[in-house]
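*Asks:* One file: run13.cif (mmCIF, C-alpha atoms and all ligand atoms).
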data_start
loop_
_atom_site.label_atom_id
_atom_site.label_comp_id
_atom_site.auth_asym_id
_atom_site.auth_seq_id
_atom_site.Cartn_x
_atom_site.Cartn_y
_atom_site.Cartn_z
CA MET A 1 0.00 0.00 0.00
CA ILE A 2 1.46 3.37 -1.02
CA ASN A 3 0.28 6.25 1.15
CA ILE A 4 -0.21 9.94 0.45
CA PRO A 5 2.98 12.02 0.98
CA LYS A 6 3.33 13.59 4.44
CA GLY A 7 1.87 17.10 4.68
CA THR A 8 -0.48 16.69 1.69
CA LYS A 9 -4.22 16.09 1.50
CA ASP A 10 -6.57 14.60 -1.09
CA MET A 11 -9.52 16.78 -1.95
CA LEU A 12 -12.22 14.13 -1.61
CA PRO A 13 -15.41 14.20 -3.72
CA SER A 14 -17.53 14.88 -0.63
CA GLN A 15 -15.56 18.11 -0.05
CA ALA A 16 -15.45 19.26 -3.67
CA TYR A 17 -18.42 21.61 -3.33
CA LYS A 18 -16.53 23.69 -0.74
CA TRP A 19 -13.59 24.20 -3.09
CA GLN A 20 -15.98 24.99 -5.93
CA ALA A 21 -17.77 27.56 -3.76
CA VAL A 22 -14.43 29.24 -3.00
CA GLU A 23 -13.44 29.22 -6.67
CA ASN A 24 -16.84 30.64 -7.65
CA ALA A 25 -16.42 33.44 -5.10
CA VAL A 26 -12.94 34.17 -6.52
CA LYS A 27 -14.35 34.43 -10.04
CA ARG A 28 -17.31 36.58 -8.95
CA ILE A 29 -15.16 39.07 -7.05
CA ALA A 30 -12.41 39.10 -9.68
CA ALA A 31 -15.01 40.01 -12.33
CA LEU A 32 -16.34 42.85 -10.14
CA TYR A 33 -12.82 44.31 -9.89
CA ASN A 34 -11.82 43.56 -13.52
CA VAL A 35 -9.07 41.19 -12.41
CA LYS A 36 -7.96 38.71 -15.11
CA GLN A 37 -6.77 35.16 -14.51
CA ILE A 38 -3.19 33.96 -15.08
CA ARG A 39 -1.66 30.48 -14.85
CA THR A 40 2.06 29.87 -14.56
CA PRO A 41 4.04 26.60 -14.33
CA VAL A 42 4.17 24.62 -11.10
CA PHE A 43 7.97 24.56 -11.39
CA GLU A 44 10.35 27.35 -12.31
CA SER A 45 14.08 27.93 -12.32
CA ALA A 46 15.18 27.84 -8.64
CA ASP A 47 17.01 31.13 -9.22
CA LEU A 48 13.70 32.94 -9.65
CA PHE A 49 12.78 32.20 -6.04
CA LEU A 50 16.28 32.78 -4.64
CA ARG A 51 16.28 36.24 -6.23
CA SER A 52 12.76 37.23 -5.23
CA ILE A 53 11.81 35.70 -1.87
CA GLY A 54 15.22 36.36 -0.28
CA ASP A 55 18.00 34.07 0.91
CA SER A 56 17.46 34.88 4.58
CA THR A 57 13.87 33.59 4.59
CA ASP A 58 12.78 30.21 5.95
CA ILE A 59 11.16 29.44 2.60
CA VAL A 60 14.41 29.72 0.67
CA ASN A 61 16.64 28.36 3.45
CA LYS A 62 14.74 25.27 4.45
CA GLU A 63 11.51 24.76 2.59
CA MET A 64 12.06 24.66 -1.17
CA TYR A 65 11.41 21.48 -3.14
CA LEU A 66 14.52 21.53 -5.33
CA PHE A 67 15.51 19.17 -8.11
CA ASN A 68 17.78 19.05 -11.12
CA ASP A 69 16.05 18.28 -14.42
CA LYS A 70 17.53 15.89 -16.97
CA ALA A 71 19.61 18.71 -18.47
CA ASN A 72 20.92 19.43 -14.97
CA ARG A 73 19.08 22.73 -14.60
CA ARG A 74 18.26 23.63 -10.99
CA MET A 75 14.48 23.80 -10.66
CA ALA A 76 12.03 24.34 -7.78
CA LEU A 77 8.37 23.60 -7.19
CA ARG A 78 6.85 27.04 -6.61
CA PRO A 79 6.94 27.91 -2.89
CA GLU A 80 4.68 30.95 -3.51
CA GLY A 81 2.83 32.55 -6.40
CA THR A 82 4.12 36.11 -6.82
CA ALA A 83 7.56 35.36 -8.32
CA GLY A 84 6.17 33.23 -11.18
CA VAL A 85 3.56 35.86 -12.04
CA MET A 86 6.24 38.55 -12.04
CA ARG A 87 8.47 36.40 -14.27
CA SER A 88 5.58 36.02 -16.70
CA PHE A 89 4.74 39.75 -16.52
CA ILE A 90 8.30 40.66 -17.54
CA GLU A 91 8.77 37.88 -20.09
CA ASN A 92 5.44 38.53 -21.87
CA ASN A 93 5.63 42.29 -21.66
CA LEU A 94 2.25 42.43 -19.93
CA GLY A 95 2.73 45.99 -18.68
CA GLU A 96 1.73 47.82 -21.86
CA THR A 97 -1.58 48.98 -20.37
CA LEU A 98 -1.54 49.76 -16.69
CA PRO A 99 -2.87 49.12 -14.20
CA LEU A 100 -2.93 45.39 -14.77
CA LYS A 101 -4.78 43.26 -12.23
CA LEU A 102 -4.27 39.50 -12.18
CA PHE A 103 -5.44 36.55 -10.08
CA TYR A 104 -4.52 32.88 -9.83
CA ILE A 105 -5.65 29.74 -8.02
CA GLU A 106 -2.75 27.33 -7.69
CA SER A 107 -0.92 24.74 -5.62
CA ILE A 108 2.12 25.81 -3.57
CA TYR A 109 4.92 23.63 -2.15
CA ARG A 110 6.88 24.21 1.06
CA TYR A 111 8.77 21.54 2.98
CA GLU A 112 7.35 22.55 6.36
CA GLN A 113 6.78 20.57 9.56
CA PRO A 114 3.14 19.54 9.00
CA GLN A 115 0.69 20.72 11.68
CA ALA A 116 -2.79 22.22 11.83
CA GLY A 117 -3.13 24.69 8.95
CA ARG A 118 0.42 24.03 7.70
CA TYR A 119 0.89 21.66 4.78
CA ARG A 120 3.65 20.74 2.36
CA GLU A 121 1.23 21.23 -0.51
CA HIS A 122 -1.39 23.91 -0.09
CA HIS A 123 -3.50 25.99 -2.47
CA GLN A 124 -3.74 29.73 -2.81
CA PHE A 125 -6.04 32.22 -4.37
CA GLY A 126 -3.65 35.07 -5.15
CA ALA A 127 -4.03 38.53 -6.64
CA GLU A 128 -1.26 40.73 -8.04
CA PHE A 129 -1.88 44.33 -9.15
CA PHE A 130 0.75 46.07 -11.30
CA GLY A 131 1.35 49.73 -12.01
CA SER A 132 0.43 52.26 -9.33
CA PRO A 133 2.52 53.63 -6.46
CA LEU A 134 -0.54 55.39 -4.99
CA PRO A 135 -2.15 54.38 -1.69
CA VAL A 136 -5.47 53.85 -3.55
CA PHE A 137 -3.84 50.79 -5.13
CA ASP A 138 -3.20 49.22 -1.72
CA ILE A 139 -6.75 50.13 -0.71
CA GLU A 140 -8.32 48.65 -3.86
CA LEU A 141 -6.47 45.37 -3.21
CA ILE A 142 -7.46 45.18 0.45
CA CYS A 143 -11.08 46.02 -0.46
CA MET A 144 -11.05 43.15 -2.94
CA ALA A 145 -9.71 40.79 -0.25
CA ARG A 146 -12.39 41.99 2.18
CA ASP A 147 -15.16 41.57 -0.43
CA PHE A 148 -13.97 38.06 -1.25
CA LEU A 149 -13.98 37.05 2.42
CA ARG A 150 -17.36 38.72 2.94
CA ASP A 151 -18.84 36.98 -0.12
CA LEU A 152 -18.03 33.67 1.56
CA GLY A 153 -19.59 34.80 4.85
CA PHE A 154 -16.52 35.92 6.85
CA CYS A 155 -16.97 39.15 8.73
CA ASP A 156 -14.86 38.59 11.85
CA LEU A 157 -11.30 38.05 10.57
CA THR A 158 -8.85 40.59 12.01
CA LEU A 159 -6.98 42.75 9.51
CA ARG A 160 -3.44 43.37 10.81
CA ILE A 161 -1.52 45.97 8.88
CA ASN A 162 1.90 47.60 9.06
CA THR A 163 4.42 49.41 6.89
CA ILE A 164 8.00 48.21 6.64
CA GLY A 165 9.08 51.38 4.81
CA CYS A 166 11.24 51.73 1.72
CA SER A 167 14.83 50.50 1.39
CA SER A 168 16.28 53.67 2.91
CA CYS A 169 14.12 53.89 6.04
CA ARG A 170 14.31 50.12 6.48
CA ALA A 171 18.13 50.23 6.48
CA LYS A 172 18.07 52.59 9.47
CA TYR A 173 15.44 50.49 11.21
CA ASN A 174 17.43 47.28 10.60
CA ASP A 175 20.47 48.87 12.30
CA ALA A 176 18.37 49.77 15.34
CA LEU A 177 16.85 46.31 15.44
CA ARG A 178 20.27 44.66 15.13
CA GLY A 179 21.47 46.65 18.15
CA PHE A 180 18.38 45.60 20.11
CA LEU A 181 18.81 41.91 19.18
CA HIS A 182 22.47 41.97 20.23
CA SER A 183 21.49 43.47 23.58
CA ILE A 184 19.15 40.52 24.33
CA GLU A 185 21.17 37.83 22.54
CA ASP A 186 21.09 35.37 25.43
CA LYS A 187 17.27 35.39 25.51
CA ILE A 188 16.46 34.68 21.84
CA CYS A 189 16.41 31.48 19.76
CA GLY A 190 19.28 30.31 17.53
CA ASP A 191 17.43 31.26 14.34
CA CYS A 192 16.96 34.81 15.62
CA LYS A 193 20.67 35.08 16.48
CA ARG A 194 21.40 34.21 12.85
CA ARG A 195 18.69 36.63 11.64
CA ALA A 196 20.23 39.43 13.72
CA ALA A 197 23.37 39.14 11.62
CA VAL A 198 21.77 38.61 8.18
CA ASN A 199 18.39 40.37 8.19
CA PRO A 200 17.18 41.61 11.61
CA LEU A 201 13.66 42.36 10.34
CA ARG A 202 13.14 38.60 9.87
CA ALA A 203 13.41 38.13 13.66
CA LEU A 204 10.04 39.87 14.13
CA ASP A 205 8.48 37.03 12.09
CA CYS A 206 9.84 34.37 14.51
CA LYS A 207 7.24 31.75 15.52
CA VAL A 208 8.85 31.01 18.93
CA SER A 209 6.52 32.48 21.54
CA SER A 210 9.28 33.61 23.98
CA CYS A 211 10.95 35.56 21.14
CA ARG A 212 7.62 37.11 20.13
CA GLU A 213 7.05 38.23 23.71
CA ILE A 214 10.48 39.92 23.93
CA TYR A 215 10.00 41.63 20.54
CA LYS A 216 7.00 43.53 21.89
CA SER A 217 9.57 45.94 23.32
CA ALA A 218 11.70 46.08 20.13
CA PRO A 219 12.29 49.46 18.42
CA LYS A 220 9.28 50.46 16.31
CA ILE A 221 9.43 51.03 12.55
CA SER A 222 7.22 54.13 12.90
CA GLU A 223 10.17 55.94 14.52
CA TYR A 224 12.36 55.36 11.45
CA LEU A 225 9.99 55.99 8.51
CA CYS A 226 10.81 58.69 5.96
CA ASP A 227 8.13 61.33 5.29
CA GLU A 228 6.92 59.65 2.06
CA CYS A 229 6.51 56.24 3.70
CA LYS A 230 4.76 57.82 6.68
CA ALA A 231 2.32 59.70 4.40
CA HIS A 232 1.69 56.59 2.29
CA HIS A 233 0.82 54.53 5.35
CA ARG A 234 -1.42 57.27 6.77
CA SER A 235 -3.34 57.44 3.47
CA VAL A 236 -3.76 53.66 3.36
CA LEU A 237 -5.17 53.64 6.90
CA ASP A 238 -7.48 56.58 6.06
CA GLY A 239 -8.68 54.67 2.99
CA LEU A 240 -9.49 51.65 5.13
CA ASP A 241 -11.51 53.89 7.43
CA GLU A 242 -13.37 55.37 4.46
CA ASN A 243 -14.26 51.87 3.30
CA GLY A 244 -15.43 50.77 6.73
CA ILE A 245 -12.60 48.25 7.11
CA ARG A 246 -11.47 47.81 10.70
CA TYR A 247 -7.81 47.05 11.31
CA VAL A 248 -5.12 46.65 13.91
CA ASN A 249 -1.95 48.60 13.12
CA ASP A 250 0.62 46.01 14.25
CA GLU A 251 4.19 47.30 14.13
CA ASN A 252 5.64 43.81 14.60
CA LEU A 253 3.98 42.45 11.44
CA VAL A 254 6.75 41.87 8.86
CA ARG A 255 5.73 38.71 6.88
CA GLY A 256 7.96 35.89 5.73
CA LEU A 257 9.16 37.03 2.30
CA ASP A 258 11.76 39.69 1.55
CA TYR A 259 10.26 41.45 -1.46
CA TYR A 260 7.85 43.71 0.45
CA THR A 261 8.14 47.49 0.62
CA ARG A 262 5.84 49.73 2.67
CA THR A 263 2.40 48.11 3.23
CA VAL A 264 2.16 44.58 4.63
CA PHE A 265 -1.08 43.05 5.89
CA GLU A 266 -2.80 39.86 6.96
CA PHE A 267 -6.39 38.82 7.59
CA CYS A 268 -6.12 36.50 10.61
CA ASP A 269 -8.25 33.92 12.37
CA GLY A 270 -6.75 34.24 15.86
CA ASP A 271 -3.00 33.73 15.35
CA MET A 272 -3.44 32.03 11.99
CA ALA A 273 -3.06 34.16 8.85
CA VAL A 274 -5.69 33.16 6.29
CA LEU A 275 -4.75 35.82 3.72
CA GLY A 276 -1.58 37.90 3.55
CA GLY A 277 0.18 40.27 1.24
CA GLY A 278 1.51 43.74 0.68
CA ARG A 279 3.34 46.11 -1.63
CA TYR A 280 6.46 45.03 -3.51
CA ASP A 281 7.71 47.99 -5.54
CA GLY A 282 11.25 46.66 -6.08
CA LEU A 283 10.61 43.10 -7.28
CA CYS A 284 10.10 43.76 -10.99
CA GLU A 285 13.41 45.62 -11.29
CA GLN A 286 15.14 43.03 -9.12
CA LEU A 287 14.13 40.36 -11.65
CA GLY A 288 15.33 42.36 -14.65
CA GLY A 289 12.18 44.31 -15.52
CA LYS A 290 11.40 48.03 -15.40
CA PRO A 291 10.64 49.77 -12.09
CA MET A 292 7.06 48.69 -11.40
CA PRO A 293 5.03 49.43 -8.26
CA CYS A 294 2.89 46.42 -7.29
CA VAL A 295 0.61 45.13 -4.55
CA GLY A 296 -0.71 41.62 -4.00
CA PHE A 297 -1.96 38.97 -1.61
CA GLY A 298 -2.22 35.20 -1.26
CA CYS A 299 -5.07 33.41 0.52
CA GLY A 300 -4.61 29.83 1.76
CA ILE A 301 -7.66 27.88 0.64
CA GLU A 302 -7.22 25.01 3.15
CA ARG A 303 -7.03 27.52 6.02
CA LEU A 304 -9.99 29.45 4.61
CA ILE A 305 -12.17 26.33 4.43
CA SER A 306 -11.29 25.17 7.93
CA ALA A 307 -11.92 28.67 9.35
CA ALA A 308 -15.33 28.61 7.61
CA GLU A 309 -16.13 25.18 9.05
CA GLU A 310 -15.21 26.34 12.58
CA ARG A 311 -17.66 29.23 12.17
CA GLY A 312 -20.44 27.05 10.76
CA ILE A 313 -20.34 28.99 7.47
CA ALA A 314 -22.21 26.92 4.87
CA PHE A 315 -20.91 26.72 1.31
CA ASP A 316 -23.23 26.93 -1.70
CA ARG A 317 -23.93 23.47 -2.98
CA ALA A 318 -25.71 22.64 -6.25
CA LEU A 319 -27.69 19.44 -5.64
CA PRO A 320 -28.27 17.01 -8.51
CA GLN A 321 -31.83 17.39 -9.78
CA VAL A 322 -33.68 14.42 -11.29
CA PHE A 323 -32.96 10.73 -10.84
CA VAL A 324 -34.96 8.71 -13.38
CA ALA A 325 -35.71 5.35 -11.73
CA ALA A 326 -36.59 2.24 -13.74
CA GLN A 327 -39.17 -0.06 -12.22
CA SER A 328 -38.52 -2.85 -14.72
CA ASP A 329 -35.92 -3.77 -17.31
CA ALA A 330 -38.34 -2.80 -20.09
CA ALA A 331 -38.38 0.77 -18.70
CA ARG A 332 -34.60 1.25 -18.79
CA ARG A 333 -34.37 2.35 -22.43
CA GLU A 334 -37.17 4.91 -21.82
CA CYS A 335 -35.28 6.15 -18.72
CA ARG A 336 -32.11 6.71 -20.76
CA GLY A 337 -34.10 8.70 -23.35
CA ILE A 338 -35.68 10.90 -20.67
CA VAL A 339 -32.25 11.50 -19.07
CA SER A 340 -30.79 12.74 -22.38
CA MET A 341 -33.78 15.02 -22.93
CA LEU A 342 -33.43 16.50 -19.43
CA ARG A 343 -29.69 17.04 -19.81
CA SER A 344 -30.18 18.73 -23.18
CA CYS A 345 -32.34 21.34 -21.50
CA GLY A 346 -29.86 21.93 -18.69
CA ILE A 347 -31.34 19.73 -15.95
CA SER A 348 -28.85 17.47 -14.18
CA ALA A 349 -30.15 13.91 -14.49
CA GLU A 350 -29.00 10.34 -14.11
CA THR A 351 -30.49 6.86 -14.37
CA ASP A 352 -29.38 3.53 -12.96
CA LEU A 353 -26.18 2.08 -14.47
CA MET A 354 -25.82 -0.84 -12.05
CA GLY A 355 -28.97 -2.96 -12.58
CA LYS A 356 -30.24 -1.97 -9.10
CA SER A 357 -33.74 -2.73 -7.78
CA LEU A 358 -36.22 0.19 -7.62
CA LYS A 359 -35.75 0.39 -3.83
CA ALA A 360 -31.96 0.51 -4.21
CA GLN A 361 -32.29 3.20 -6.89
CA PHE A 362 -34.34 5.39 -4.50
CA LYS A 363 -31.74 4.84 -1.78
CA TYR A 364 -28.94 5.86 -4.16
CA ALA A 365 -30.89 8.97 -5.31
CA ASP A 366 -31.49 9.97 -1.70
CA ARG A 367 -27.82 9.53 -0.72
CA GLN A 368 -26.67 11.54 -3.72
CA GLY A 369 -28.98 14.38 -2.70
CA TYR A 370 -31.26 14.27 -5.77
CA THR A 371 -34.10 16.73 -5.30
CA HIS A 372 -36.55 14.69 -7.43
CA VAL A 373 -37.08 11.11 -8.59
CA LEU A 374 -39.11 10.32 -11.70
CA THR A 375 -40.29 6.70 -11.82
CA VAL A 376 -40.86 4.77 -15.04
CA GLY A 377 -42.57 1.36 -14.85
CA GLU A 378 -44.84 -0.83 -16.98
CA SER A 379 -48.02 1.07 -16.13
CA GLU A 380 -46.36 4.45 -16.76
CA LEU A 381 -45.19 3.22 -20.15
CA GLU A 382 -48.82 2.34 -20.94
CA THR A 383 -50.50 5.49 -19.60
CA GLY A 384 -47.74 7.90 -20.64
CA VAL A 385 -47.93 9.63 -17.22
CA TYR A 386 -44.97 9.49 -14.78
CA PRO A 387 -44.87 10.24 -11.05
CA LEU A 388 -42.25 12.84 -10.05
CA LYS A 389 -41.46 12.69 -6.34
CA ARG A 390 -40.06 15.71 -4.55
CA MET A 391 -37.61 14.20 -2.06
CA SER A 392 -37.78 17.04 0.48
CA ASP A 393 -41.44 16.44 1.40
CA GLY A 394 -42.43 13.26 -0.46
CA SER A 395 -45.08 15.06 -2.55
CA VAL A 396 -45.77 13.59 -5.98
CA ALA A 397 -46.69 15.41 -9.21
CA GLN A 398 -47.93 13.53 -12.28
CA ILE A 399 -46.02 14.47 -15.45
CA ALA A 400 -47.37 13.53 -18.88
CA LYS A 401 -44.76 12.17 -21.28
CA LYS A 402 -45.60 14.88 -23.84
CA ASP A 403 -44.71 17.53 -21.20
CA ILE A 404 -41.17 16.20 -20.68
CA PRO A 405 -38.80 18.00 -20.36
CA LEU A 406 -40.62 21.34 -19.78
CA GLY A 407 -43.06 19.99 -17.17
CA ILE A 408 -40.14 18.61 -15.20
CA LYS A 409 -38.15 21.82 -15.61
CA SER A 410 -40.90 23.90 -14.04
CA ALA A 411 -41.44 21.31 -11.27
CA VAL A 412 -37.74 21.22 -10.28
CA ASN A 413 -37.44 25.00 -10.37
CA ASP A 414 -40.61 25.45 -8.29
P1 LIG B 1 2.30 33.80 2.43
O1 LIG B 1 1.88 34.58 3.63
O2 LIG B 1 3.54 33.02 2.54
O3 LIG B 1 2.36 34.84 1.23
O4 LIG B 1 1.12 32.83 2.04
C1 LIG B 1 -0.19 33.32 1.80
C2 LIG B 1 -1.21 32.46 2.54
O5 LIG B 1 -1.04 31.08 2.16
C3 LIG B 1 -1.05 32.44 4.06
O6 LIG B 1 -1.71 33.54 4.63
C4 LIG B 1 -1.72 31.13 4.42
O7 LIG B 1 -3.13 31.27 4.46
C5 LIG B 1 -1.37 30.25 3.25
N1 LIG B 1 -0.24 29.37 3.57
C6 LIG B 1 1.08 29.68 3.55
N2 LIG B 1 1.83 28.61 3.87
C7 LIG B 1 0.96 27.59 4.10
C8 LIG B 1 1.11 26.21 4.46
N3 LIG B 1 2.30 25.66 4.64
N4 LIG B 1 -0.01 25.45 4.59
C9 LIG B 1 -1.23 25.99 4.40
N5 LIG B 1 -1.43 27.28 4.04
C10 LIG B 1 -0.36 28.07 3.90
C11 LIG B 1 2.69 34.51 -0.04
O8 LIG B 1 2.81 33.38 -0.43
C12 LIG B 1 2.78 35.70 -0.95
N6 LIG B 1 3.08 35.23 -2.31
C13 LIG B 1 1.49 36.52 -0.93
C14 LIG B 1 1.58 37.71 -1.80
C15 LIG B 1 1.09 37.83 -3.05
N7 LIG B 1 2.19 38.84 -1.51
C16 LIG B 1 2.10 39.65 -2.54
N8 LIG B 1 1.44 39.05 -3.49
#
In structure tokens, write the structure found in this file.

*Replies:*
Amino acid sequence: MINIPKGTKDMLPSQAYKWQAVENAVKRIAALYNVKQIRTPVFESADLFLRSIGDSTDIVNKEMYLFNDKANRRMALRPEGTAGVMRSFIENNLGETLPLKLFYIESIYRYEQPQAGRYREHHQFGAEFFGSPLPVFDIELICMARDFLRDLGFCDLTLRINTIGCSSCRAKYNDALRGFLHSIEDKICGDCKRRAAVNPLRALDCKVSSCREIYKSAPKISEYLCDECKAHHRSVLDGLDENGIRYVNDENLVRGLDYYTRTVFEFCDGDMAVLGGGRYDGLCEQLGGKPMPCVGFGCGIERLISAAEERGIAFDRALPQVFVAAQSDAARRECRGIVSMLRSCGISAETDLMGKSLKAQFKYADRQGYTHVLTVGESELETGVYPLKRMSDGSVAQIAKKDIPLGIKSAVND
């Protein structure tokens, strides 16, 4: 017996409707905001991720799925979605008309220690907006994230937001943070000691609770921001207020990837980030493109679905409509004809394919969630009138053969 790889999950047929409801919400909200879909390969040159995510991040240091292809090129399964979209943006010259707003739904691979809400393969709905340095761009993106979450029924996730400044104010802040980390060196974890030397900002993203506690008294970025970064952040927060979006301005929020500039944010369920993103104005140039201001987010679909389940949020579910049950073998051909007619007018329909008894066919229809069962037997073949049972209350309507499929269509839509 070969088992599923550690840290991965099958999406089972009984759960498919939840994923479909999420994907439908993505498509609905994307259309409202004129956001177009993009798909990029599941693997890319490993260099793409080394150059974009940052070599001091956990993702690049410990979590990439790396392999050499047959021509000995170093490749990686994508550990996040932004870098591949940016590679495609540059390579396909997508920036001719700006702004450009893109979304994707894709699988992501990180070799993490599996635990609740943390998988080695997970799925993200991501959005990446290209072209504007203005705070309205950040606001438009966060509004889209809020509308998506609201469409699914979430209204209680906490928006945490911060600014990590531009490269010049961050350099000063990093120096201050490095000094602070050195002063408390004996109290922090080994990873944070290493971060203090390489990229002090990363320490604020440490998952060790004792480190997090100590960092509450770390120097604050707000004391080091330049005037432009300060004004940008103020305008973003004002825009959130104008749009009725409540937030917590959390100065220790830094996120786990290095490409961010200025705004970073997360929608959280308790301590667990369900959706996170921010501005990344330097990434395009860093990967060989033109200077290009951008904002984006990624939403973990597994985390989103489990947060919905915890809250009792129900997902839309389209039930199958008409099961056409055969009472005798002679009726089976008629059943197949009726099923094709129903399908051709857009009604989901099925008939028995297993040679089941009438009782077993009803049991199957009930288990599958069929809303109606039409029965065809000897007497119905003679009279040309078929009973259509509504499964929710057991009521029966008589449908004349000449009225199929329209009579059934109006009965199922009643
Ligand atoms: P991220 O915060 O690393 O950002 O991931 C985005 C979301 O993916 C998280 O908030 C979480 O819901 C989910 N997620 C991350 N890792 C796991 C995991 N191991 N298991 C389950 N879910 C997970 C990014 O990936 C950025 N590319 C987001 C972005 C787009 N920033 C700008 N544009």

*Asks:* With ligand LIG 1 (chain B) as the partner and 9 Å as the cut-off, tabulate the residues of chain A that qualify, each row holding the nearest pair of atoms and their distance in Å to one decimal, using all atoms listed in the file, sorted by chain and rising number, as a Markdown table.

*Replies:*
| residue | atom | partner | partner_atom | distance |
| --- | --- | --- | --- | --- |
| A:Gly7 | CA | B:LIG1 | N4 | 8.6 |
| A:Ile53 | CA | B:LIG1 | N6 | 8.8 |
| A:Ile59 | CA | B:LIG1 | O2 | 8.4 |
| A:Pro79 | CA | B:LIG1 | O8 | 7.3 |
| A:Glu80 | CA | B:LIG1 | O8 | 4.3 |
| A:Gly81 | CA | B:LIG1 | N6 | 4.9 |
| A:Thr82 | CA | B:LIG1 | N6 | 4.7 |
| A:Ala83 | CA | B:LIG1 | N6 | 7.5 |
| A:Ile108 | CA | B:LIG1 | N2 | 8.0 |
| A:Tyr109 | CA | B:LIG1 | N3 | 7.6 |
| A:Arg110 | CA | B:LIG1 | N3 | 6.0 |
| A:Tyr111 | CA | B:LIG1 | N3 | 7.8 |
| A:Glu112 | CA | B:LIG1 | N3 | 6.2 |
| A:Gln113 | CA | B:LIG1 | N3 | 8.4 |
| A:Pro114 | CA | B:LIG1 | N3 | 7.6 |
| A:Gln115 | CA | B:LIG1 | N4 | 8.6 |
| A:Ala116 | CA | B:LIG1 | N4 | 8.4 |
| A:Gly117 | CA | B:LIG1 | C9 | 5.1 |
| A:Arg118 | CA | B:LIG1 | N4 | 3.4 |
| A:Tyr119 | CA | B:LIG1 | N4 | 3.9 |
| A:Arg120 | CA | B:LIG1 | N3 | 5.6 |
| A:Glu121 | CA | B:LIG1 | N4 | 6.7 |
| A:His122 | CA | B:LIG1 | C9 | 5.0 |
| A:His123 | CA | B:LIG1 | N5 | 7.0 |
| A:Gln124 | CA | B:LIG1 | O5 | 5.8 |
| A:Phe125 | CA | B:LIG1 | O5 | 8.3 |
| A:Gly126 | CA | B:LIG1 | C15 | 5.9 |
| A:Ala127 | CA | B:LIG1 | C15 | 6.3 |
| A:Glu128 | CA | B:LIG1 | N8 | 5.6 |
| A:Phe129 | CA | B:LIG1 | N8 | 8.4 |
| A:Arg255 | CA | B:LIG1 | O1 | 6.5 |
| A:Gly256 | CA | B:LIG1 | O2 | 6.2 |
| A:Leu257 | CA | B:LIG1 | O2 | 6.9 |
| A:Tyr259 | CA | B:LIG1 | C16 | 8.4 |
| A:Tyr260 | CA | B:LIG1 | C16 | 7.6 |
| A:Val264 | CA | B:LIG1 | N7 | 8.4 |
| A:Glu266 | CA | B:LIG1 | O6 | 6.8 |
| A:Phe267 | CA | B:LIG1 | O6 | 7.7 |
| A:Cys268 | CA | B:LIG1 | O6 | 8.0 |
| A:Met272 | CA | B:LIG1 | O7 | 7.6 |
| A:Ala273 | CA | B:LIG1 | O6 | 4.5 |
| A:Val274 | CA | B:LIG1 | O7 | 3.7 |
| A:Leu275 | CA | B:LIG1 | O6 | 3.9 |
| A:Gly276 | CA | B:LIG1 | O6 | 4.5 |
| A:Gly277 | CA | B:LIG1 | N7 | 3.7 |
| A:Gly278 | CA | B:LIG1 | C16 | 5.2 |
| A:Arg279 | CA | B:LIG1 | C16 | 6.6 |
| A:Tyr280 | CA | B:LIG1 | C16 | 7.0 |
| A:Cys294 | CA | B:LIG1 | C16 | 8.3 |
| A:Val295 | CA | B:LIG1 | C16 | 6.0 |
| A:Gly296 | CA | B:LIG1 | N8 | 3.4 |
| A:Phe297 | CA | B:LIG1 | C15 | 3.6 |
| A:Gly298 | CA | B:LIG1 | C13 | 4.0 |
| A:Cys299 | CA | B:LIG1 | C2 | 4.5 |
| A:Gly300 | CA | B:LIG1 | O7 | 3.4 |
| A:Ile301 | CA | B:LIG1 | O7 | 6.8 |
| A:Glu302 | CA | B:LIG1 | C9 | 6.2 |
| A:Arg303 | CA | B:LIG1 | O7 | 5.6 |
| A:Leu304 | CA | B:LIG1 | O7 | 7.1 |

*Asks:* May I have the residues within 10 Å of Arg336 of chain A as a list in words, using all atoms listed in the file and disregarding those fewer than 2 positions away in the same chain?

*Replies:* Val324, Ala325, Ala326, Ala331, Arg332, Arg333, Glu334, Ile338, Val339, Ser340, Met341, Leu342, Ala349, Glu350, Thr351, Asp352 and Leu353 of chain A

*Asks:* Mind giving me the straight-line distance from atom CA of Val248 of chain A to atom CA of Leu159 of chain A in Å, one decimal?

*Replies:*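 Atom CA of Val248 of chain A sits 6.2 Å away from atom CA of Leu159 of chain A.
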
*Asks:* So that I can see what lies close to Arg74 of chain A, please list as number ranges by chain the residues with an atom at most 12 Å from it, counting all atoms listed in the file and leaving out residues fewer than 4 positions away in the same chain.

*Replies:* A: 43-50, 64-70

*Asks:* What does the structure give for the distance between atom CA of Met391 of chain A and atom CA of Lys359 of chain A, in Å to one decimal?

*Replies:* 14.0 Å

*Asks:* Would you kindly identify which residues have an atom no farther than 10 Å from (15.4, 55.1, 14.6), using all atoms listed in the file and the file's own coordinates, and write them out as JSON, numbers by chain?

*Replies:* {"A": [169, 170, 171, 172, 173, 174, 175, 176, 177, 219, 220, 221, 222, 223, 224, 225]}

*Asks:* Identify which of the residues A:Pro320, A:Ile188, A:Ala308, A:Tyr386 lies closest to Cys335 of chain A, counting only C-alpha atoms when measuring atom-to-atom distances.

*Replies:* A:Tyr386

*Asks:* Which distance in Å separates atom CA of Cys284 of chain A and atom CA of Met86 of chain A, to one decimal?

*Replies:*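 Computing it gives 6.6 Å between the two atoms.
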